[in-house]
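Asker: This is the content of my_file08.pdb (PDB, C-alpha atoms and all ligand atoms):
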ATOM      1  CA  MET A 960     113.968  33.458 117.618  1.00  0.00           C
ATOM      2  CA  THR A 961     117.446  34.360 116.431  1.00  0.00           C
ATOM      3  CA  LEU A 962     120.797  34.979 118.059  1.00  0.00           C
ATOM      4  CA  TYR A 963     122.589  37.588 115.959  1.00  0.00           C
ATOM      5  CA  VAL A 964     126.378  37.620 116.354  1.00  0.00           C
ATOM      6  CA  VAL A 965     127.064  41.236 115.504  1.00  0.00           C
ATOM      7  CA  ALA A 966     130.546  42.583 114.778  1.00  0.00           C
ATOM      8  CA  THR A 967     130.917  46.248 115.715  1.00  0.00           C
ATOM      9  CA  SER A 968     134.231  48.094 115.321  1.00  0.00           C
ATOM     10  CA  ILE A 969     137.862  47.627 116.388  1.00  0.00           C
ATOM     11  CA  GLY A 970     138.208  51.313 117.206  1.00  0.00           C
ATOM     12  CA  ASN A 971     136.746  53.523 114.518  1.00  0.00           C
ATOM     13  CA  LEU A 972     133.008  53.688 115.191  1.00  0.00           C
ATOM     14  CA  GLY A 973     132.455  54.548 111.522  1.00  0.00           C
ATOM     15  CA  ASP A 974     133.309  50.946 110.622  1.00  0.00           C
ATOM     16  CA  ILE A 975     130.097  49.460 112.021  1.00  0.00           C
ATOM     17  CA  SER A 976     127.921  48.328 109.118  1.00  0.00           C
ATOM     18  CA  PRO A 977     124.431  49.699 108.339  1.00  0.00           C
ATOM     19  CA  ARG A 978     123.110  46.135 108.685  1.00  0.00           C
ATOM     20  CA  ALA A 979     124.645  45.835 112.164  1.00  0.00           C
ATOM     21  CA  ILE A 980     122.979  49.108 113.237  1.00  0.00           C
ATOM     22  CA  GLU A 981     119.644  47.976 111.790  1.00  0.00           C
ATOM     23  CA  THR A 982     119.872  44.599 113.569  1.00  0.00           C
ATOM     24  CA  LEU A 983     120.768  46.213 116.909  1.00  0.00           C
ATOM     25  CA  HIS A 984     117.832  48.627 116.561  1.00  0.00           C
ATOM     26  CA  ALA A 985     115.468  45.701 115.964  1.00  0.00           C
ATOM     27  CA  ALA A 986     116.776  43.539 118.843  1.00  0.00           C
ATOM     28  CA  ASP A 987     114.793  42.830 122.012  1.00  0.00           C
ATOM     29  CA  CYS A 988     117.975  42.502 124.047  1.00  0.00           C
ATOM     30  CA  ILE A 989     121.704  43.041 123.541  1.00  0.00           C
ATOM     31  CA  ILE A 990     124.334  40.886 125.203  1.00  0.00           C
ATOM     32  CA  CYS A 991     127.636  42.708 125.719  1.00  0.00           C
ATOM     33  CA  GLU A 992     130.841  42.360 127.737  1.00  0.00           C
ATOM     34  CA  ASP A 993     131.028  45.773 129.389  1.00  0.00           C
ATOM     35  CA  SER A 994     128.083  48.153 129.249  1.00  0.00           C
ATOM     36  CA  ARG A 995     130.359  51.212 129.583  1.00  0.00           C
ATOM     37  CA  VAL A 996     132.274  50.222 126.451  1.00  0.00           C
ATOM     38  CA  SER A 997     129.230  49.196 124.422  1.00  0.00           C
ATOM     39  CA  SER A 998     127.178  52.251 125.352  1.00  0.00           C
ATOM     40  CA  LYS A 999     129.621  54.431 123.406  1.00  0.00           C
ATOM     41  CA  ILE A1000     128.645  52.750 120.141  1.00  0.00           C
ATOM     42  CA  LEU A1001     124.984  52.169 121.097  1.00  0.00           C
ATOM     43  CA  ASP A1002     124.513  55.815 122.176  1.00  0.00           C
ATOM     44  CA  LYS A1003     126.150  57.079 118.985  1.00  0.00           C
ATOM     45  CA  PHE A1004     123.455  55.330 116.937  1.00  0.00           C
ATOM     46  CA  GLY A1005     120.562  56.009 119.354  1.00  0.00           C
ATOM     47  CA  ILE A1006     120.153  52.316 120.244  1.00  0.00           C
ATOM     48  CA  LYS A1007     118.426  51.843 123.628  1.00  0.00           C
ATOM     49  CA  LYS A1008     117.855  48.202 124.566  1.00  0.00           C
ATOM     50  CA  PRO A1009     118.023  46.070 127.704  1.00  0.00           C
ATOM     51  CA  LEU A1010     121.653  44.971 128.127  1.00  0.00           C
ATOM     52  CA  LEU A1011     122.762  41.644 129.541  1.00  0.00           C
ATOM     53  CA  ILE A1012     126.408  41.270 130.530  1.00  0.00           C
ATOM     54  CA  CYS A1013     128.297  38.228 129.244  1.00  0.00           C
ATOM     55  CA  ARG A1014     131.884  37.683 130.370  1.00  0.00           C
ATOM     56  CA  ASP A1015     134.053  34.568 130.446  1.00  0.00           C
ATOM     57  CA  ASP A1016     133.232  34.108 134.145  1.00  0.00           C
ATOM     58  CA  ASN A1017     129.413  34.299 133.852  1.00  0.00           C
ATOM     59  CA  GLU A1018     128.705  33.019 130.336  1.00  0.00           C
ATOM     60  CA  VAL A1019     127.550  29.585 131.510  1.00  0.00           C
ATOM     61  CA  ARG A1020     125.391  31.132 134.286  1.00  0.00           C
ATOM     62  CA  ILE A1021     123.428  33.363 131.902  1.00  0.00           C
ATOM     63  CA  LEU A1022     122.889  30.670 129.246  1.00  0.00           C
ATOM     64  CA  GLY A1023     119.509  29.508 130.619  1.00  0.00           C
ATOM     65  CA  LYS A1024     118.143  33.048 130.724  1.00  0.00           C
ATOM     66  CA  VAL A1025     119.243  33.812 127.159  1.00  0.00           C
ATOM     67  CA  LEU A1026     117.885  30.511 125.803  1.00  0.00           C
ATOM     68  CA  ASP A1027     114.497  31.136 127.517  1.00  0.00           C
ATOM     69  CA  PHE A1028     114.395  34.578 125.971  1.00  0.00           C
ATOM     70  CA  LEU A1029     115.150  33.188 122.505  1.00  0.00           C
ATOM     71  CA  ARG A1030     112.557  30.407 122.896  1.00  0.00           C
ATOM     72  CA  GLU A1031     109.946  33.102 123.634  1.00  0.00           C
ATOM     73  CA  GLY A1032     110.595  34.266 120.069  1.00  0.00           C
ATOM     74  CA  LYS A1033     112.762  37.267 120.982  1.00  0.00           C
ATOM     75  CA  SER A1034     115.692  38.423 118.932  1.00  0.00           C
ATOM     76  CA  VAL A1035     118.981  38.739 120.788  1.00  0.00           C
ATOM     77  CA  CYS A1036     122.196  40.401 119.595  1.00  0.00           C
ATOM     78  CA  LEU A1037     125.607  39.394 120.889  1.00  0.00           C
ATOM     79  CA  ILE A1038     128.279  42.085 120.652  1.00  0.00           C
ATOM     80  CA  SER A1039     131.703  42.403 122.269  1.00  0.00           C
ATOM     81  CA  ASP A1040     133.938  45.280 123.353  1.00  0.00           C
ATOM     82  CA  ALA A1041     135.658  45.208 119.968  1.00  0.00           C
ATOM     83  CA  GLY A1042     135.314  43.589 116.592  1.00  0.00           C
ATOM     84  CA  THR A1043     133.776  40.175 116.125  1.00  0.00           C
ATOM     85  CA  PRO A1044     132.224  38.428 119.158  1.00  0.00           C
ATOM     86  CA  CYS A1045     133.634  34.993 120.089  1.00  0.00           C
ATOM     87  CA  ILE A1046     137.051  35.782 118.552  1.00  0.00           C
ATOM     88  CA  SER A1047     139.271  35.960 121.671  1.00  0.00           C
ATOM     89  CA  ASP A1048     136.037  37.131 123.304  1.00  0.00           C
ATOM     90  CA  PRO A1049     133.119  35.480 125.119  1.00  0.00           C
ATOM     91  CA  GLY A1050     130.177  33.968 123.245  1.00  0.00           C
ATOM     92  CA  PHE A1051     131.263  30.584 121.898  1.00  0.00           C
ATOM     93  CA  LYS A1052     129.382  28.648 124.610  1.00  0.00           C
ATOM     94  CA  LEU A1053     126.244  30.659 123.931  1.00  0.00           C
ATOM     95  CA  VAL A1054     126.458  29.989 120.188  1.00  0.00           C
ATOM     96  CA  ARG A1055     127.077  26.285 120.844  1.00  0.00           C
ATOM     97  CA  ALA A1056     124.068  26.106 123.192  1.00  0.00           C
ATOM     98  CA  CYS A1057     121.861  27.739 120.548  1.00  0.00           C
ATOM     99  CA  ARG A1058     123.072  25.293 117.913  1.00  0.00           C
ATOM    100  CA  ASN A1059     122.382  22.353 120.255  1.00  0.00           C
ATOM    101  CA  GLN A1060     118.837  23.659 120.790  1.00  0.00           C
ATOM    102  CA  CYS A1061     118.254  24.305 117.059  1.00  0.00           C
ATOM    103  CA  ILE A1062     117.957  28.048 117.700  1.00  0.00           C
ATOM    104  CA  LYS A1063     118.855  30.094 114.639  1.00  0.00           C
ATOM    105  CA  VAL A1064     122.249  31.832 114.781  1.00  0.00           C
ATOM    106  CA  GLU A1065     123.040  34.505 112.225  1.00  0.00           C
ATOM    107  CA  ALA A1066     126.260  36.476 111.665  1.00  0.00           C
ATOM    108  CA  ILE A1067     126.250  40.187 111.003  1.00  0.00           C
ATOM    109  CA  PRO A1068     129.893  40.342 109.922  1.00  0.00           C
ATOM    110  CA  GLY A1069     132.377  43.143 110.338  1.00  0.00           C
ATOM    111  CA  PRO A1070     135.950  43.828 111.405  1.00  0.00           C
ATOM    112  CA  CYS A1071     138.232  41.459 113.265  1.00  0.00           C
ATOM    113  CA  ALA A1072     141.656  42.834 114.261  1.00  0.00           C
ATOM    114  CA  ALA A1073     143.503  39.668 113.154  1.00  0.00           C
ATOM    115  CA  VAL A1074     142.092  39.742 109.623  1.00  0.00           C
ATOM    116  CA  VAL A1075     142.387  43.527 109.323  1.00  0.00           C
ATOM    117  CA  ALA A1076     146.098  43.362 110.243  1.00  0.00           C
ATOM    118  CA  LEU A1077     146.783  40.366 107.987  1.00  0.00           C
ATOM    119  CA  SER A1078     145.111  42.056 105.020  1.00  0.00           C
ATOM    120  CA  ILE A1079     147.523  45.007 105.156  1.00  0.00           C
ATOM    121  CA  SER A1080     150.655  43.158 106.302  1.00  0.00           C
ATOM    122  CA  GLY A1081     152.064  42.153 102.931  1.00  0.00           C
ATOM    123  CA  LEU A1082     152.905  38.785 104.526  1.00  0.00           C
ATOM    124  CA  PRO A1083     151.561  35.518 103.074  1.00  0.00           C
ATOM    125  CA  THR A1084     147.784  35.218 103.357  1.00  0.00           C
ATOM    126  CA  ASP A1085     147.334  31.859 101.618  1.00  0.00           C
ATOM    127  CA  GLY A1086     147.150  30.087 104.957  1.00  0.00           C
ATOM    128  CA  PHE A1087     147.395  31.318 108.532  1.00  0.00           C
ATOM    129  CA  LEU A1088     146.992  30.201 112.113  1.00  0.00           C
ATOM    130  CA  PHE A1089     145.154  32.602 114.374  1.00  0.00           C
ATOM    131  CA  VAL A1090     146.621  32.019 117.833  1.00  0.00           C
ATOM    132  CA  GLY A1091     145.088  34.918 119.753  1.00  0.00           C
ATOM    133  CA  PHE A1092     146.704  35.599 123.146  1.00  0.00           C
ATOM    134  CA  LEU A1093     149.587  33.418 124.284  1.00  0.00           C
ATOM    135  CA  PRO A1094     149.917  32.639 127.998  1.00  0.00           C
ATOM    136  CA  SER A1095     151.678  35.427 129.900  1.00  0.00           C
ATOM    137  CA  LYS A1096     154.513  33.217 131.244  1.00  0.00           C
ATOM    138  CA  LYS A1097     157.768  33.369 129.278  1.00  0.00           C
ATOM    139  CA  SER A1098     158.257  29.594 129.433  1.00  0.00           C
ATOM    140  CA  ALA A1099     154.825  28.900 127.901  1.00  0.00           C
ATOM    141  CA  ARG A1100     155.351  31.564 125.227  1.00  0.00           C
ATOM    142  CA  VAL A1101     158.781  30.236 124.265  1.00  0.00           C
ATOM    143  CA  SER A1102     157.561  26.663 124.151  1.00  0.00           C
ATOM    144  CA  PHE A1103     154.724  27.688 121.803  1.00  0.00           C
ATOM    145  CA  PHE A1104     157.191  29.519 119.547  1.00  0.00           C
ATOM    146  CA  ARG A1105     159.485  26.465 119.462  1.00  0.00           C
ATOM    147  CA  LYS A1106     156.602  24.193 118.533  1.00  0.00           C
ATOM    148  CA  TYR A1107     155.617  26.471 115.615  1.00  0.00           C
ATOM    149  CA  ALA A1108     159.084  27.691 114.545  1.00  0.00           C
ATOM    150  CA  GLU A1109     158.907  25.740 111.279  1.00  0.00           C
ATOM    151  CA  PHE A1110     155.141  26.043 110.763  1.00  0.00           C
ATOM    152  CA  GLU A1111     154.447  26.520 107.058  1.00  0.00           C
ATOM    153  CA  TYR A1112     151.808  29.247 107.413  1.00  0.00           C
ATOM    154  CA  THR A1113     151.635  32.768 108.820  1.00  0.00           C
ATOM    155  CA  LEU A1114     151.049  33.086 112.580  1.00  0.00           C
ATOM    156  CA  ILE A1115     148.742  35.772 114.020  1.00  0.00           C
ATOM    157  CA  PHE A1116     148.801  36.804 117.677  1.00  0.00           C
ATOM    158  CA  TYR A1117     147.019  39.305 119.884  1.00  0.00           C
ATOM    159  CA  GLU A1118     149.163  41.029 122.506  1.00  0.00           C
ATOM    160  CA  SER A1119     148.750  43.705 125.154  1.00  0.00           C
ATOM    161  CA  CYS A1120     150.963  46.756 125.587  1.00  0.00           C
ATOM    162  CA  HIS A1121     152.326  45.287 128.844  1.00  0.00           C
ATOM    163  CA  ARG A1122     153.899  42.296 127.125  1.00  0.00           C
ATOM    164  CA  ILE A1123     154.598  43.378 123.550  1.00  0.00           C
ATOM    165  CA  THR A1124     158.343  43.967 124.005  1.00  0.00           C
ATOM    166  CA  LYS A1125     158.880  40.688 125.899  1.00  0.00           C
ATOM    167  CA  PHE A1126     156.860  38.921 123.200  1.00  0.00           C
ATOM    168  CA  LEU A1127     159.118  40.302 120.463  1.00  0.00           C
ATOM    169  CA  ASP A1128     162.309  39.508 122.409  1.00  0.00           C
ATOM    170  CA  ASP A1129     161.229  35.891 122.818  1.00  0.00           C
ATOM    171  CA  ALA A1130     160.046  35.669 119.199  1.00  0.00           C
ATOM    172  CA  GLN A1131     163.425  36.899 117.964  1.00  0.00           C
ATOM    173  CA  GLU A1132     165.237  34.417 120.184  1.00  0.00           C
ATOM    174  CA  VAL A1133     163.268  31.452 118.832  1.00  0.00           C
ATOM    175  CA  PHE A1134     162.453  32.410 115.210  1.00  0.00           C
ATOM    176  CA  GLY A1135     165.883  33.971 114.599  1.00  0.00           C
ATOM    177  CA  PRO A1136     167.005  37.327 113.153  1.00  0.00           C
ATOM    178  CA  GLU A1137     165.895  36.659 109.566  1.00  0.00           C
ATOM    179  CA  ARG A1138     162.194  36.076 110.255  1.00  0.00           C
ATOM    180  CA  MET A1139     159.797  38.682 108.846  1.00  0.00           C
ATOM    181  CA  ALA A1140     157.152  40.192 111.101  1.00  0.00           C
ATOM    182  CA  PHE A1141     154.425  42.827 111.029  1.00  0.00           C
ATOM    183  CA  VAL A1142     153.186  44.618 114.135  1.00  0.00           C
ATOM    184  CA  ALA A1143     150.016  46.717 114.054  1.00  0.00           C
ATOM    185  CA  LYS A1144     149.122  49.061 116.898  1.00  0.00           C
ATOM    186  CA  GLU A1145     145.705  50.696 117.390  1.00  0.00           C
ATOM    187  CA  LEU A1146     144.249  49.686 114.020  1.00  0.00           C
ATOM    188  CA  THR A1147     141.663  52.142 112.648  1.00  0.00           C
ATOM    189  CA  LYS A1148     142.287  54.529 115.578  1.00  0.00           C
ATOM    190  CA  LEU A1149     143.993  57.914 115.910  1.00  0.00           C
ATOM    191  CA  HIS A1150     147.376  56.446 116.899  1.00  0.00           C
ATOM    192  CA  GLU A1151     147.388  53.637 114.339  1.00  0.00           C
ATOM    193  CA  THR A1152     151.016  52.588 113.712  1.00  0.00           C
ATOM    194  CA  PHE A1153     152.687  49.723 111.834  1.00  0.00           C
ATOM    195  CA  TRP A1154     156.142  48.207 111.906  1.00  0.00           C
ATOM    196  CA  ILE A1155     157.357  45.710 109.317  1.00  0.00           C
ATOM    197  CA  GLY A1156     160.675  43.981 108.721  1.00  0.00           C
ATOM    198  CA  LYS A1157     162.909  41.297 110.149  1.00  0.00           C
ATOM    199  CA  LEU A1158     162.218  40.702 113.841  1.00  0.00           C
ATOM    200  CA  PRO A1159     165.311  42.574 115.177  1.00  0.00           C
ATOM    201  CA  VAL A1160     164.505  45.575 112.969  1.00  0.00           C
ATOM    202  CA  VAL A1161     160.899  45.704 114.162  1.00  0.00           C
ATOM    203  CA  ARG A1162     162.046  45.320 117.766  1.00  0.00           C
ATOM    204  CA  GLU A1163     164.604  48.132 117.389  1.00  0.00           C
ATOM    205  CA  LYS A1164     162.146  50.525 115.724  1.00  0.00           C
ATOM    206  CA  MET A1165     159.633  49.881 118.466  1.00  0.00           C
ATOM    207  CA  ALA A1166     162.199  50.564 121.188  1.00  0.00           C
ATOM    208  CA  THR A1167     161.856  54.295 120.588  1.00  0.00           C
ATOM    209  CA  ALA A1168     158.084  54.331 119.973  1.00  0.00           C
ATOM    210  CA  SER A1169     155.143  54.519 122.345  1.00  0.00           C
ATOM    211  CA  VAL A1170     153.863  51.033 123.040  1.00  0.00           C
ATOM    212  CA  LYS A1171     150.580  52.136 124.587  1.00  0.00           C
ATOM    213  CA  GLY A1172     147.556  50.528 122.944  1.00  0.00           C
ATOM    214  CA  GLU A1173     146.422  47.258 121.428  1.00  0.00           C
ATOM    215  CA  PHE A1174     148.559  45.073 119.202  1.00  0.00           C
ATOM    216  CA  VAL A1175     148.362  42.413 116.534  1.00  0.00           C
ATOM    217  CA  VAL A1176     151.632  40.622 115.785  1.00  0.00           C
ATOM    218  CA  ILE A1177     152.037  38.650 112.563  1.00  0.00           C
ATOM    219  CA  ILE A1178     154.990  36.352 111.957  1.00  0.00           C
ATOM    220  CA  ALA A1179     155.711  35.103 108.454  1.00  0.00           C
ATOM    221  CA  PRO A1180     156.546  31.455 107.770  1.00  0.00           C
ATOM    222  CA  SER A1181     160.266  30.619 107.481  1.00  0.00           C
ATOM    223  CA  ARG A1182     159.928  30.040 103.691  1.00  0.00           C
ATOM    224  CA  PHE A1183     159.064  33.720 103.168  1.00  0.00           C
ATOM    225  CA  ALA A1184     161.639  36.467 102.568  1.00  0.00           C
ATOM    226  CA  MET A1185     160.740  39.971 101.376  1.00  0.00           C
TER     227      MET A1185
HETATM  228  N1  LIG B1201     137.002  40.286 119.123  1.00  0.00           N
HETATM  229  C1  LIG B1201     138.126  41.115 118.789  1.00  0.00           C
HETATM  230  C2  LIG B1201     138.398  41.031 117.279  1.00  0.00           C
HETATM  231  O1  LIG B1201     137.480  40.716 116.531  1.00  0.00           O
HETATM  232  O2  LIG B1201     139.514  41.332 116.851  1.00  0.00           O
HETATM  233  C3  LIG B1201     139.337  40.793 119.639  1.00  0.00           C
HETATM  234  C4  LIG B1201     139.108  40.981 121.101  1.00  0.00           C
HETATM  235  S1  LIG B1201     140.519  40.637 122.085  1.00  0.00           S
HETATM  236  C5  LIG B1201     139.836  40.612 123.698  1.00  0.00           C
HETATM  237  C6  LIG B1201     141.322  42.188 122.123  1.00  0.00           C
HETATM  238  C7  LIG B1201     142.677  42.120 121.426  1.00  0.00           C
HETATM  239  O3  LIG B1201     142.480  42.221 120.015  1.00  0.00           O
HETATM  240  C8  LIG B1201     143.588  43.282 121.783  1.00  0.00           C
HETATM  241  O4  LIG B1201     144.313  43.046 122.973  1.00  0.00           O
HETATM  242  C9  LIG B1201     144.487  43.351 120.571  1.00  0.00           C
HETATM  243  O5  LIG B1201     145.483  42.354 120.633  1.00  0.00           O
HETATM  244  C10 LIG B1201     143.500  43.006 119.450  1.00  0.00           C
HETATM  245  N2  LIG B1201     142.887  44.237 118.946  1.00  0.00           N
HETATM  246  C11 LIG B1201     141.586  44.616 119.061  1.00  0.00           C
HETATM  247  N3  LIG B1201     141.400  45.820 118.468  1.00  0.00           N
HETATM  248  C12 LIG B1201     142.603  46.205 117.984  1.00  0.00           C
HETATM  249  C13 LIG B1201     143.062  47.342 117.279  1.00  0.00           C
HETATM  250  N4  LIG B1201     142.248  48.359 116.969  1.00  0.00           N
HETATM  251  N5  LIG B1201     144.359  47.404 116.918  1.00  0.00           N
HETATM  252  C14 LIG B1201     145.207  46.396 117.216  1.00  0.00           C
HETATM  253  N6  LIG B1201     144.836  45.297 117.886  1.00  0.00           N
HETATM  254  C15 LIG B1201     143.548  45.198 118.266  1.00  0.00           C
END
Show the structure stored in the file as C-alpha cells.
Ligand code: SAM
Answerer:
Amino acid sequence: MTLYVVATSIGNLGDISPRAIETLHAADCIICEDSRVSSKILDKFGIKKPLLICRDDNEVRILGKVLDFLREGKSVCLISDAGTPCISDPGFKLVRACRNQCIKVEAIPGPCAAVVALSISGLPTDGFLFVGFLPSKKSARVSFFRKYAEFEYTLIFYESCHRITKFLDDAQEVFGPERMAFVAKELTKLHETFWIGKLPVVREKMATASVKGEFVVIIAPSRFAM
C-alpha cells in the first residue's frame, strides 16, 4: 500500500533512474497526465501497466478510485509528463489525501527543471523562491515582479515559448537594466540553449534565436552582480 511519486526525465530519457524504472516495473498501476507522452518512456523500458489519467481538472474525481486501490494493498506510481510530479504538475491533492488516510507515500527522486537550471546558472543558490508559471496577463505579471523586485533571494520561473519575450520585456522594465538573469531552453534535450547576463543583454541575444521549446527563467537578487 504505497503511493510512489516517481520523477522521470525533463527531456533526456537517459536521465530516469534505475530505481524509478524498477519501481514502475513493480507497480500495479501508473497514474500519468497524458498517456501518449508517458508511453514514450514506459515503452522504452518495456513497462506495461494499467494507466490512470490524472490532470488538474479530474484529480479530485479520481481520488476515491486511487485510494480504494491503495487500500487493497496495491502499489501505485504517480508520474507526470516531465520531471518531478506535483511540481507545477498535478498530484498534490492525491498526496495530501494519502497522507490524511495514513497511506504511505514514497519519493523516487529525479530531475526537476527548476533545480537543474539553478544548479548550472552561476546565480546565487543559497536561497531561492520557486514561482513556477506566472499568470498570462501582463498586469498580473508586472504586479508580481514589483512585489518581488527587492526580494533577497533568487527567483525561478517556468515560462512557455509563447510568452518568453513578453516575460523578459516586463522583467527588464521592473527589475531594471542591471539585474542578472539566466534563461535555459530545452534542458537536457537536443536544442538545449542558455543565455546569461544582465536582462537587456539576455533579451537582445534571444531576439535573434529560436524561442521554440520550454524555458526556465532565473532572476538574481538585486544584491548580486557578476
Ligand atoms: N514537473 C516538471 C519539473 O519537475 O520541472 C515541470 C512541469 S511544468 C508543467 C512544465 C514547465 O517546466 C515547462 O513549461 C518549462 O517551463 C519547464 N520545463 C520542463 N522541462 C524543461 C526543459 N527540459 N527545459 C526547460 N524548461 C523545462
Asker: Grab the CA of Gly1023 in chain A to CA of Ala1066 in chain A distance for me, in Å with one decimal place.
Answerer: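 These two atoms are separated by 21.3 Å.
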Asker: Counting all atoms listed in the file, which residues come within 10 Å of (122.3, 32.0, 121.6), with the point read in the file's coordinates, and could you list them as a PyMOL selection string?
Answerer: chain A and resi 960-964+990+1022-1023+1025-1030+1034-1037+1050-1065
Asker: For CA of Ser1078 in chain A and CA of Lys1125 in chain A, quote the distance in Å rounded to one decimal.
Answerer: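 So the answer is 25.0 Å.
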Asker: What lies within 9 Å of Val1170 in chain A using only C-alpha atoms, ignoring chain neighbours under 4 positions off, as number ranges by chain?
Answerer: A: 1120-1121, 1123-1124, 1144, 1165-1166, 1174
Asker: List every residue of chain A that has an atom at most 9 Å from any atom of ligand LIG 1201 (chain B), giving for each one its closest atom pair and the distance in Å to one decimal, counting all atoms listed in the file, sorted by chain and then by ascending residue number, as JSON lines.
Answerer:
{"residue": "A:Ala966", "atom": "CA", "partner": "B:LIG1201", "partner_atom": "O1", "distance": 7.4}
{"residue": "A:Thr967", "atom": "CA", "partner": "B:LIG1201", "partner_atom": "O1", "distance": 8.6}
{"residue": "A:Ser968", "atom": "CA", "partner": "B:LIG1201", "partner_atom": "O1", "distance": 8.2}
{"residue": "A:Ile969", "atom": "CA", "partner": "B:LIG1201", "partner_atom": "N3", "distance": 4.5}
{"residue": "A:Gly970", "atom": "CA", "partner": "B:LIG1201", "partner_atom": "N4", "distance": 5.0}
{"residue": "A:Asn971", "atom": "CA", "partner": "B:LIG1201", "partner_atom": "N4", "distance": 7.9}
{"residue": "A:Ser1039", "atom": "CA", "partner": "B:LIG1201", "partner_atom": "N1", "distance": 6.5}
{"residue": "A:Asp1040", "atom": "CA", "partner": "B:LIG1201", "partner_atom": "C4", "distance": 7.1}
{"residue": "A:Ala1041", "atom": "CA", "partner": "B:LIG1201", "partner_atom": "C1", "distance": 4.9}
{"residue": "A:Gly1042", "atom": "CA", "partner": "B:LIG1201", "partner_atom": "O1", "distance": 3.6}
{"residue": "A:Thr1043", "atom": "CA", "partner": "B:LIG1201", "partner_atom": "O1", "distance": 3.8}
{"residue": "A:Pro1044", "atom": "CA", "partner": "B:LIG1201", "partner_atom": "N1", "distance": 5.1}
{"residue": "A:Cys1045", "atom": "CA", "partner": "B:LIG1201", "partner_atom": "N1", "distance": 6.3}
{"residue": "A:Ile1046", "atom": "CA", "partner": "B:LIG1201", "partner_atom": "N1", "distance": 4.5}
{"residue": "A:Ser1047", "atom": "CA", "partner": "B:LIG1201", "partner_atom": "S1", "distance": 4.9}
{"residue": "A:Asp1048", "atom": "CA", "partner": "B:LIG1201", "partner_atom": "C5", "distance": 5.2}
{"residue": "A:Pro1049", "atom": "CA", "partner": "B:LIG1201", "partner_atom": "C5", "distance": 8.6}
{"residue": "A:Gly1069", "atom": "CA", "partner": "B:LIG1201", "partner_atom": "O1", "distance": 8.4}
{"residue": "A:Pro1070", "atom": "CA", "partner": "B:LIG1201", "partner_atom": "O1", "distance": 6.2}
{"residue": "A:Cys1071", "atom": "CA", "partner": "B:LIG1201", "partner_atom": "O1", "distance": 3.4}
{"residue": "A:Ala1072", "atom": "CA", "partner": "B:LIG1201", "partner_atom": "O2", "distance": 3.7}
{"residue": "A:Ala1073", "atom": "CA", "partner": "B:LIG1201", "partner_atom": "O2", "distance": 5.7}
{"residue": "A:Val1074", "atom": "CA", "partner": "B:LIG1201", "partner_atom": "O2", "distance": 7.8}
{"residue": "A:Val1075", "atom": "CA", "partner": "B:LIG1201", "partner_atom": "O2", "distance": 8.4}
{"residue": "A:Ala1076", "atom": "CA", "partner": "B:LIG1201", "partner_atom": "C14", "distance": 7.7}
{"residue": "A:Gly1091", "atom": "CA", "partner": "B:LIG1201", "partner_atom": "O5", "distance": 7.5}
{"residue": "A:Phe1092", "atom": "CA", "partner": "B:LIG1201", "partner_atom": "O5", "distance": 7.3}
{"residue": "A:Phe1116", "atom": "CA", "partner": "B:LIG1201", "partner_atom": "O5", "distance": 7.1}
{"residue": "A:Tyr1117", "atom": "CA", "partner": "B:LIG1201", "partner_atom": "O5", "distance": 3.5}
{"residue": "A:Glu1118", "atom": "CA", "partner": "B:LIG1201", "partner_atom": "O5", "distance": 4.3}
{"residue": "A:Ser1119", "atom": "CA", "partner": "B:LIG1201", "partner_atom": "O4", "distance": 5.0}
{"residue": "A:Cys1120", "atom": "CA", "partner": "B:LIG1201", "partner_atom": "O4", "distance": 8.1}
{"residue": "A:Val1142", "atom": "CA", "partner": "B:LIG1201", "partner_atom": "C14", "distance": 8.7}
{"residue": "A:Ala1143", "atom": "CA", "partner": "B:LIG1201", "partner_atom": "C14", "distance": 5.8}
{"residue": "A:Lys1144", "atom": "CA", "partner": "B:LIG1201", "partner_atom": "C14", "distance": 4.7}
{"residue": "A:Glu1145", "atom": "CA", "partner": "B:LIG1201", "partner_atom": "N5", "distance": 3.6}
{"residue": "A:Leu1146", "atom": "CA", "partner": "B:LIG1201", "partner_atom": "N5", "distance": 3.7}
{"residue": "A:Thr1147", "atom": "CA", "partner": "B:LIG1201", "partner_atom": "N4", "distance": 5.8}
{"residue": "A:Lys1148", "atom": "CA", "partner": "B:LIG1201", "partner_atom": "N4", "distance": 6.3}
{"residue": "A:Glu1151", "atom": "CA", "partner": "B:LIG1201", "partner_atom": "N5", "distance": 7.4}
{"residue": "A:Gly1172", "atom": "CA", "partner": "B:LIG1201", "partner_atom": "C14", "distance": 7.4}
{"residue": "A:Glu1173", "atom": "CA", "partner": "B:LIG1201", "partner_atom": "N6", "distance": 4.3}
{"residue": "A:Phe1174", "atom": "CA", "partner": "B:LIG1201", "partner_atom": "N6", "distance": 4.0}
{"residue": "A:Val1175", "atom": "CA", "partner": "B:LIG1201", "partner_atom": "N6", "distance": 4.8}
{"residue": "A:Val1176", "atom": "CA", "partner": "B:LIG1201", "partner_atom": "O5", "distance": 8.0}
Asker: Between A:Leu1001, A:Ser1181, A:Ala1108, A:Ile1155, single out the one closest to Ala979 in chain A, counting all atoms listed in the file.
Answerer: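 The closest residue to Ala979 in chain A is A:Leu1001.
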Asker: For range 1008-1017 of chain A, work out the shell of residues within 7 Å, counting all atoms listed in the file and skipping chain neighbours fewer than 6 positions away, then give it as number ranges by chain.
Answerer: A: 987-993, 1049
Asker: How about saving the chosen residues, C-alpha atoms kept, as a tab-separated table (two decimals), in the frame of the given file?
Answerer:
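Just written: again_38.tsv:
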chain	number	residue	atom	x	y	z
A	987	ASP	CA	114.79	42.83	122.01
A	988	CYS	CA	117.98	42.50	124.05
A	989	ILE	CA	121.70	43.04	123.54
A	990	ILE	CA	124.33	40.89	125.20
A	991	CYS	CA	127.64	42.71	125.72
A	992	GLU	CA	130.84	42.36	127.74
A	993	ASP	CA	131.03	45.77	129.39
A	1049	PRO	CA	133.12	35.48	125.12
Asker: Would you compute the distance between CA of Ile1115 in chain A and CA of Leu972 in chain A? Give it in Å to one decimal.
Answerer: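 Those two atoms sit 23.9 Å apart.
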Asker: With distances taken over all atoms listed in the file, which of A:Ile1038, A:Leu1114, A:Ser1095, A:Arg1162 is nearest to Ser997 in chain A?
Answerer: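 Of the candidates, the smallest distance to Ser997 in chain A is held by A:Ile1038.
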